[in-house]
$ cat coords15.cif   # mmCIF, C-alpha atoms and all ligand atoms
data_input
loop_
_atom_site.label_atom_id
_atom_site.label_comp_id
_atom_site.auth_asym_id
_atom_site.auth_seq_id
_atom_site.Cartn_x
_atom_site.Cartn_y
_atom_site.Cartn_z
CA MET T 1 0.00 0.00 0.00
CA ASP T 2 2.70 2.47 1.09
CA LYS T 3 4.76 1.82 -2.03
CA ARG T 4 1.77 2.48 -4.29
CA TRP T 5 1.03 5.70 -2.44
CA ILE T 6 4.63 6.89 -2.83
CA GLY T 7 4.48 5.87 -6.47
CA SER T 8 1.41 7.93 -7.20
CA LEU T 9 2.89 10.86 -5.27
CA ALA T 10 5.96 10.68 -7.50
CA VAL T 11 3.75 10.66 -10.61
CA CYS T 12 1.88 13.66 -9.26
CA ILE T 13 5.12 15.58 -8.69
CA PHE T 14 6.31 14.60 -12.15
CA LEU T 15 3.06 15.83 -13.73
CA LEU T 16 3.20 19.07 -11.73
CA ALA T 17 6.78 19.65 -12.84
CA LEU T 18 5.80 18.99 -16.45
CA GLY T 19 2.90 21.38 -16.12
CA ALA T 20 4.93 24.13 -14.50
CA HIS T 21 7.96 23.97 -16.73
CA PRO T 22 6.47 24.90 -20.11
CA SER T 23 4.61 27.90 -18.66
CA VAL T 24 7.84 29.26 -17.13
CA ALA T 25 9.57 28.82 -20.45
CA ARG T 26 6.73 30.60 -22.24
CA LEU T 27 6.96 33.60 -19.89
CA SER T 28 10.67 34.12 -20.40
CA GLU T 29 10.51 33.60 -24.16
CA GLY T 30 7.57 35.90 -24.78
CA ASN T 31 8.07 39.48 -25.91
CA PHE T 32 5.26 40.73 -23.74
CA VAL T 33 6.45 43.33 -21.24
CA PRO T 34 3.85 44.34 -18.66
CA PHE T 35 3.37 48.12 -18.49
CA SER T 36 4.69 48.30 -14.95
CA GLN T 37 7.98 46.86 -16.14
CA ALA T 38 8.18 48.92 -19.30
CA ALA T 39 9.49 51.98 -17.46
CA ASN T 40 12.25 50.00 -15.82
CA SER T 41 13.36 48.23 -18.94
CA PHE T 42 13.62 51.50 -20.82
CA ALA T 43 15.58 53.07 -18.00
CA ASP T 44 17.74 49.94 -17.74
CA SER T 45 19.01 50.42 -21.26
CA GLN T 46 20.51 53.69 -20.03
CA THR T 47 21.77 52.49 -16.67
CA LYS T 48 24.40 50.09 -15.39
CA SER T 49 24.11 47.86 -12.36
CA TYR T 50 26.64 48.04 -9.60
CA CYS T 51 26.93 45.60 -6.72
CA ILE T 52 27.69 47.40 -3.45
CA GLN T 53 31.06 46.42 -1.95
CA LYS T 54 32.30 46.74 1.60
CA GLY T 55 33.44 50.30 2.34
CA ASP T 56 31.37 51.91 -0.45
CA THR T 57 29.61 55.20 0.11
CA LEU T 58 27.17 56.91 -2.25
CA SER T 59 29.62 59.74 -2.83
CA LYS T 60 32.49 57.35 -3.65
CA ILE T 61 30.27 55.54 -6.16
CA SER T 62 29.04 58.78 -7.68
CA GLN T 63 32.65 59.93 -8.19
CA ARG T 64 33.73 56.59 -9.63
CA TYR T 65 30.96 56.63 -12.23
CA ASN T 66 31.04 60.38 -12.78
CA VAL T 67 27.35 60.87 -11.99
CA SER T 68 26.00 63.40 -9.54
CA LEU T 69 25.06 62.26 -6.06
CA GLU T 70 21.56 63.69 -6.64
CA ASN T 71 21.15 61.68 -9.83
CA LEU T 72 22.40 58.52 -8.15
CA MET T 73 20.02 58.96 -5.21
CA ARG T 74 17.11 59.81 -7.49
CA ASN T 75 17.67 56.69 -9.59
CA ASN T 76 17.78 54.46 -6.53
CA GLU T 77 15.06 56.17 -4.49
CA MET T 78 17.56 56.92 -1.75
CA ASP T 79 18.48 59.93 0.31
CA GLU T 80 21.66 60.82 2.15
CA ASN T 81 20.47 58.84 5.17
CA THR T 82 19.98 55.58 3.28
CA ILE T 83 22.22 52.80 4.56
CA LEU T 84 24.02 50.90 1.80
CA GLU T 85 23.83 47.13 2.03
CA VAL T 86 26.79 45.10 0.80
CA GLY T 87 25.65 42.89 -2.07
CA HIS T 88 22.67 45.09 -2.90
CA THR T 89 22.53 46.32 -6.53
CA LEU T 90 22.54 50.00 -7.38
CA ARG T 91 21.35 51.44 -10.66
CA ILE T 92 24.08 53.68 -12.03
CA PRO T 93 22.50 56.17 -14.41
CA ALA T 94 24.30 56.94 -17.64
CA ALA T 95 26.01 60.30 -17.28
CA ARG T 96 24.20 61.63 -20.33
CA GLY T 97 20.79 61.89 -18.73
CA VAL T 98 18.09 60.57 -16.49
CA ILE T 99 14.60 59.31 -17.16
CA HIS T 100 11.61 60.98 -15.60
CA VAL T 101 8.33 59.06 -15.47
CA VAL T 102 5.43 61.50 -15.87
CA VAL T 103 3.06 61.53 -12.89
CA PRO T 104 -0.43 63.12 -12.76
CA GLY T 105 -0.17 66.92 -12.79
CA ASP T 106 3.30 67.09 -14.40
CA THR T 107 3.80 69.69 -17.12
CA ILE T 108 6.87 70.06 -19.30
CA CYS T 109 7.54 73.31 -17.47
CA ASP T 110 7.44 71.63 -14.02
CA VAL T 111 9.78 68.88 -15.16
CA ALA T 112 12.24 71.37 -16.70
CA GLU T 113 12.25 73.38 -13.48
CA ARG T 114 12.61 70.32 -11.29
CA TYR T 115 15.72 69.07 -13.11
CA ARG T 116 17.01 72.59 -13.82
CA VAL T 117 17.18 72.11 -17.56
CA SER T 118 15.82 74.50 -20.16
CA MET T 119 12.38 73.81 -21.64
CA GLU T 120 13.92 73.97 -25.13
CA ASP T 121 16.47 71.25 -24.31
CA LEU T 122 13.82 69.12 -22.65
CA VAL T 123 11.43 69.40 -25.59
CA ALA T 124 14.27 68.75 -28.07
CA SER T 125 15.33 65.62 -26.17
CA ASN T 126 11.77 64.29 -26.24
CA SER T 127 10.76 65.11 -29.79
CA ASP T 128 8.49 62.05 -29.88
CA LYS T 129 6.31 63.56 -27.11
CA ASN T 130 3.73 66.29 -27.40
CA PRO T 131 4.93 68.81 -24.78
CA ASP T 132 1.42 70.20 -24.33
CA PHE T 133 -0.14 66.82 -23.59
CA LEU T 134 2.13 64.70 -21.45
CA GLU T 135 0.59 61.37 -20.62
CA VAL T 136 0.93 59.79 -17.21
CA GLY T 137 3.59 57.09 -17.50
CA ASP T 138 5.41 58.84 -20.37
CA LEU T 139 9.17 58.57 -20.06
CA LEU T 140 10.99 61.85 -20.46
CA HIS T 141 14.68 61.89 -21.18
CA ILE T 142 16.28 64.62 -19.04
CA PRO T 143 19.21 65.99 -21.03
CA ASN T 144 22.56 67.38 -19.95
CA GLU T 145 22.95 65.66 -16.64
CA ASN T 146 26.63 66.62 -16.80
CA ASN T 147 25.67 70.25 -17.04
CA ILE T 148 23.41 69.82 -14.02
CA ARG T 149 26.28 68.31 -12.09
CA VAL T 150 28.67 71.08 -13.09
CA ALA T 151 26.09 73.69 -12.22
CA GLN T 152 25.75 72.20 -8.76
CA SER T 153 29.43 71.88 -8.00
CA VAL T 154 30.61 75.29 -9.24
CA PRO T 155 30.37 77.89 -6.46
CA GLU T 156 27.54 80.26 -7.24
CA PRO T 157 28.18 83.99 -7.10
CA SER T 158 24.74 84.57 -5.59
CA ARG T 159 24.16 83.34 -2.08
CA SER T 160 20.50 82.69 -2.70
CA LEU T 161 21.34 80.32 -5.53
CA SER T 162 23.89 78.42 -3.52
CA MET T 163 21.41 78.04 -0.69
CA THR T 164 18.85 76.90 -3.21
CA LYS T 165 20.93 73.80 -3.83
CA LEU T 166 21.46 73.10 -0.19
CA MET T 167 18.00 72.94 1.37
CA LYS T 168 17.23 69.73 3.16
CA TRP T 169 13.82 68.11 3.54
CA PRO T 170 12.46 69.06 6.99
CA ILE T 171 11.09 65.53 7.39
CA VAL T 172 11.03 62.42 5.27
CA GLY T 173 7.44 61.67 4.38
CA THR T 174 4.72 61.71 1.79
CA ILE T 175 3.78 64.98 0.11
CA SER T 176 0.10 65.11 0.97
CA SER T 177 -0.51 68.48 -0.64
CA SER T 178 1.66 70.42 -3.04
CA PHE T 179 2.22 74.15 -3.55
CA GLY T 180 -0.27 76.18 -5.59
CA TRP T 181 -3.98 76.44 -6.21
CA ARG T 182 -6.28 73.86 -4.70
CA LYS T 183 -10.03 73.82 -3.96
CA ALA T 184 -9.67 75.69 -0.67
CA GLY T 185 -7.50 78.45 -2.17
CA PHE T 186 -3.81 79.02 -2.75
CA HIS T 187 -1.55 76.70 -0.77
CA HIS T 188 1.57 78.63 0.21
CA GLY T 189 3.75 75.64 0.94
CA ILE T 190 3.90 71.88 0.76
CA ASP T 191 2.50 69.43 3.27
CA ILE T 192 4.72 66.52 4.17
CA ALA T 193 2.94 63.84 6.17
CA ASN T 194 4.47 61.59 8.78
CA LYS T 195 3.60 60.38 12.31
CA ILE T 196 3.08 62.68 15.26
CA GLY T 197 6.39 63.29 16.99
CA THR T 198 8.60 62.87 13.88
CA PRO T 199 11.52 65.30 14.29
CA ILE T 200 11.30 68.37 12.02
CA GLN T 201 14.72 69.56 10.91
CA ALA T 202 15.87 72.98 9.76
CA ALA T 203 16.00 73.00 5.95
CA ALA T 204 19.01 75.34 6.07
CA ALA T 205 21.08 77.12 8.70
CA GLY T 206 19.75 80.40 10.09
CA THR T 207 18.30 82.22 13.06
CA VAL T 208 14.92 81.40 14.58
CA SER T 209 12.73 84.49 14.20
CA PHE T 210 9.43 83.08 15.48
CA THR T 211 8.09 80.23 17.51
CA GLY T 212 4.53 80.08 18.77
CA TYR T 213 0.90 79.66 17.76
CA LYS T 214 -0.55 81.25 14.64
CA PRO T 215 -4.15 80.97 13.52
CA VAL T 216 -4.58 78.10 10.99
CA TYR T 217 -0.84 77.29 11.12
CA GLY T 218 -0.90 76.13 14.75
CA LEU T 219 2.44 75.79 16.51
CA THR T 220 4.95 77.26 14.07
CA VAL T 221 8.69 77.88 13.73
CA ILE T 222 10.11 80.44 11.31
CA ILE T 223 13.82 80.56 10.49
CA ASP T 224 15.52 83.55 8.84
CA HIS T 225 18.34 82.54 6.52
CA PRO T 226 21.39 84.66 5.71
CA ASP T 227 20.31 85.16 2.08
CA GLY T 228 17.07 86.84 3.15
CA LYS T 229 14.81 83.82 2.71
CA GLN T 230 12.63 82.46 5.48
CA THR T 231 11.46 78.91 6.00
CA LEU T 232 8.30 78.15 7.96
CA TYR T 233 7.30 74.88 9.63
CA ALA T 234 3.67 74.65 10.81
CA HIS T 235 1.26 72.36 12.73
CA ALA T 236 4.01 71.21 15.14
CA GLN T 237 3.26 69.33 18.31
CA LYS T 238 6.31 70.73 20.12
CA THR T 239 9.10 73.16 19.33
CA TYR T 240 12.64 72.75 20.58
CA VAL T 241 14.06 76.18 19.70
CA HIS T 242 13.53 79.79 20.82
CA LYS T 243 13.43 83.10 19.03
CA GLY T 244 16.95 84.41 18.41
CA GLU T 245 18.54 80.95 18.50
CA LYS T 246 20.95 80.05 15.70
CA VAL T 247 20.31 76.65 14.13
CA ASN T 248 22.31 74.49 11.77
CA GLN T 249 20.93 72.76 8.73
CA GLY T 250 19.39 69.45 9.78
CA GLU T 251 19.05 70.48 13.42
CA THR T 252 15.81 69.27 15.03
CA ILE T 253 13.65 72.31 15.67
CA ALA T 254 10.20 70.82 16.31
CA ALA T 255 8.10 67.66 16.20
CA VAL T 256 5.28 66.85 13.77
CA GLY T 257 1.82 67.44 15.20
CA MET T 258 -1.74 68.39 14.31
CA THR T 259 -2.02 71.91 15.77
CA GLY T 260 -3.94 74.59 13.84
CA VAL T 261 -6.23 73.61 10.97
CA THR T 262 -5.19 70.21 9.69
CA THR T 263 -6.83 66.88 9.01
CA GLY T 264 -3.78 64.75 9.80
CA PRO T 265 -0.25 64.94 11.19
CA HIS T 266 2.08 66.72 8.77
CA VAL T 267 4.49 69.59 8.53
CA HIS T 268 3.36 72.49 6.38
CA PHE T 269 6.62 73.85 4.94
CA GLU T 270 6.96 77.26 3.29
CA VAL T 271 9.82 79.12 1.69
CA ARG T 272 9.37 82.90 1.68
CA SER T 273 11.44 85.80 0.39
CA GLY T 274 10.07 89.11 1.60
CA ASN T 275 6.32 88.76 1.20
CA LYS T 276 6.61 86.31 -1.69
CA VAL T 277 6.23 82.57 -1.30
CA SER T 278 7.74 80.08 -3.70
CA ASP T 279 7.36 76.38 -4.27
CA PRO T 280 9.61 74.69 -1.69
CA ILE T 281 10.06 71.73 -4.03
CA SER T 282 12.36 73.81 -6.23
CA TYR T 283 14.71 74.39 -3.27
CA LEU T 284 14.78 70.87 -1.89
CA ARG T 285 17.36 68.25 -2.72
CA ARG T 286 15.98 65.30 -4.61
ZN ZN G 1 -0.13 73.10 4.16
#
$ encode --input "coords15.cif" --output "structure tokens"
Amino acid sequence: MDKRWIGSLAVCIFLLALGAHPSVARLSEGNFVPFSQAANSFADSQTKSYCIQKGDTLSKISQRYNVSLENLMRNNEMDENTILEVGHTLRIPAARGVIHVVVPGDTICDVAERYRVSMEDLVASNSDKNPDFLEVGDLLHIPNENNIRVAQSVPEPSRSLSMTKLMKWPIVGTISSSFGWRKAGFHHGIDIANKIGTPIQAAAAGTVSFTGYKPVYGLTVIIDHPDGKQTLYAHAQKTYVHKGEKVNQGETIAAVGMTGVTTGPHVHFEVRSGNKVSDPISYLRR
């Protein structure tokens, strides 16, 4: 009895293996590329893989392959706090450009501004796309990555420009609302969501010029920067700094909360110059 049972089990396994094998073969032989993989495979043709070795740092790798640190981080969805794992594979972007996948709301103008390339160059590099009607999922080739890198490493004569390159995200989180017009009116900053208590860090060095409650904004910190800009951090649960205190970039100044008018824990982050506000995204490292 036992022998017959084992025998039929073996036949079953054999049949299963037969059944499974041809379908695997079919998948790898087929030319069908699911849409979700299409973006990667296109980008892959322009990138190299690199296996992380002991002692590697992102900046060492970026120097070795002559790509900017920003580009390297962007292509691997990393930031400067990401810990490299030995044996993990990094995508090394080709120095000639990066690929941007169009997301809802993107315009050619936004994308040009985000990567600091001219609209003309961007349009010329994507002549197969209609610049007035970008489709979600479209792949845009961002030209002149080398120029971007040079632009970022050459000291800028204007202090405001050099600070522009240096701003740090106040918290890591999801952008729950971006800058600009929305149903409720003009949104003067960006909302970055994360849990209550998440440390909020100064986007750049400066002097604290305000801490306290403001209507709508709730518990707020404002920092004056040497170039005349101000950054504002709203809806905090706690603040850790006082008016007049000097802070370094990245220093914890407050904790995420839900004070003021807000539907969830987030930091509302503004960049102001005089009485003008601008989109913080254009000042933040990516
Ligand atoms: Zn907001």
$ atom_distance --input "coords15.cif" --atom1 "atom CA of T:His235" --atom2 "atom CA of T:Glu251"
17.9 Å
$ residues_near_ligand --input "coords15.cif" --ligand "ligand ZN 1 (chain G)" --cutoff "10 Å" --atoms "all atoms listed in the file" --output "JSON, numbers by chain"
{"T": [175, 176, 177, 178, 179, 186, 187, 188, 189, 190, 191, 192, 193, 216, 217, 233, 234, 235, 261, 262, 266, 267, 268, 269, 270]}
$ closest_residue --input "coords15.cif" --among "T:Asn71, T:Gln53, T:Thr198, T:Asn126" --to "T:Val256" --atoms "only C-alpha atoms"
T:Thr198
$ atom_distance --input "coords15.cif" --atom1 "atom CA of T:Ile196" --atom2 "atom CA of T:Lys183"
25.8 Å
$ closest_residue --input "coords15.cif" --among "T:Leu284, T:Ala184, T:Val67, T:Ala124" --to "T:Ala203" --atoms "all atoms listed in the file"
T:Leu284
$ atom_distance --input "coords15.cif" --atom1 "atom CA of T:Leu232" --atom2 "atom CA of T:Gly180"
16.2 Å
$ closest_residue --input "coords15.cif" --among "T:Thr263, T:Ser68, T:Asn194, T:Thr211" --to "T:Lys238" --atoms "only C-alpha atoms"
T:Thr211
$ residues_near_point --input "coords15.cif" --point "(28.2, 56.4, -7.2)" --cutoff "12 Å" --atoms "all atoms listed in the file" --output "PyMOL selection string"
chain T and resi 48-53+56-76+78+84+89-95
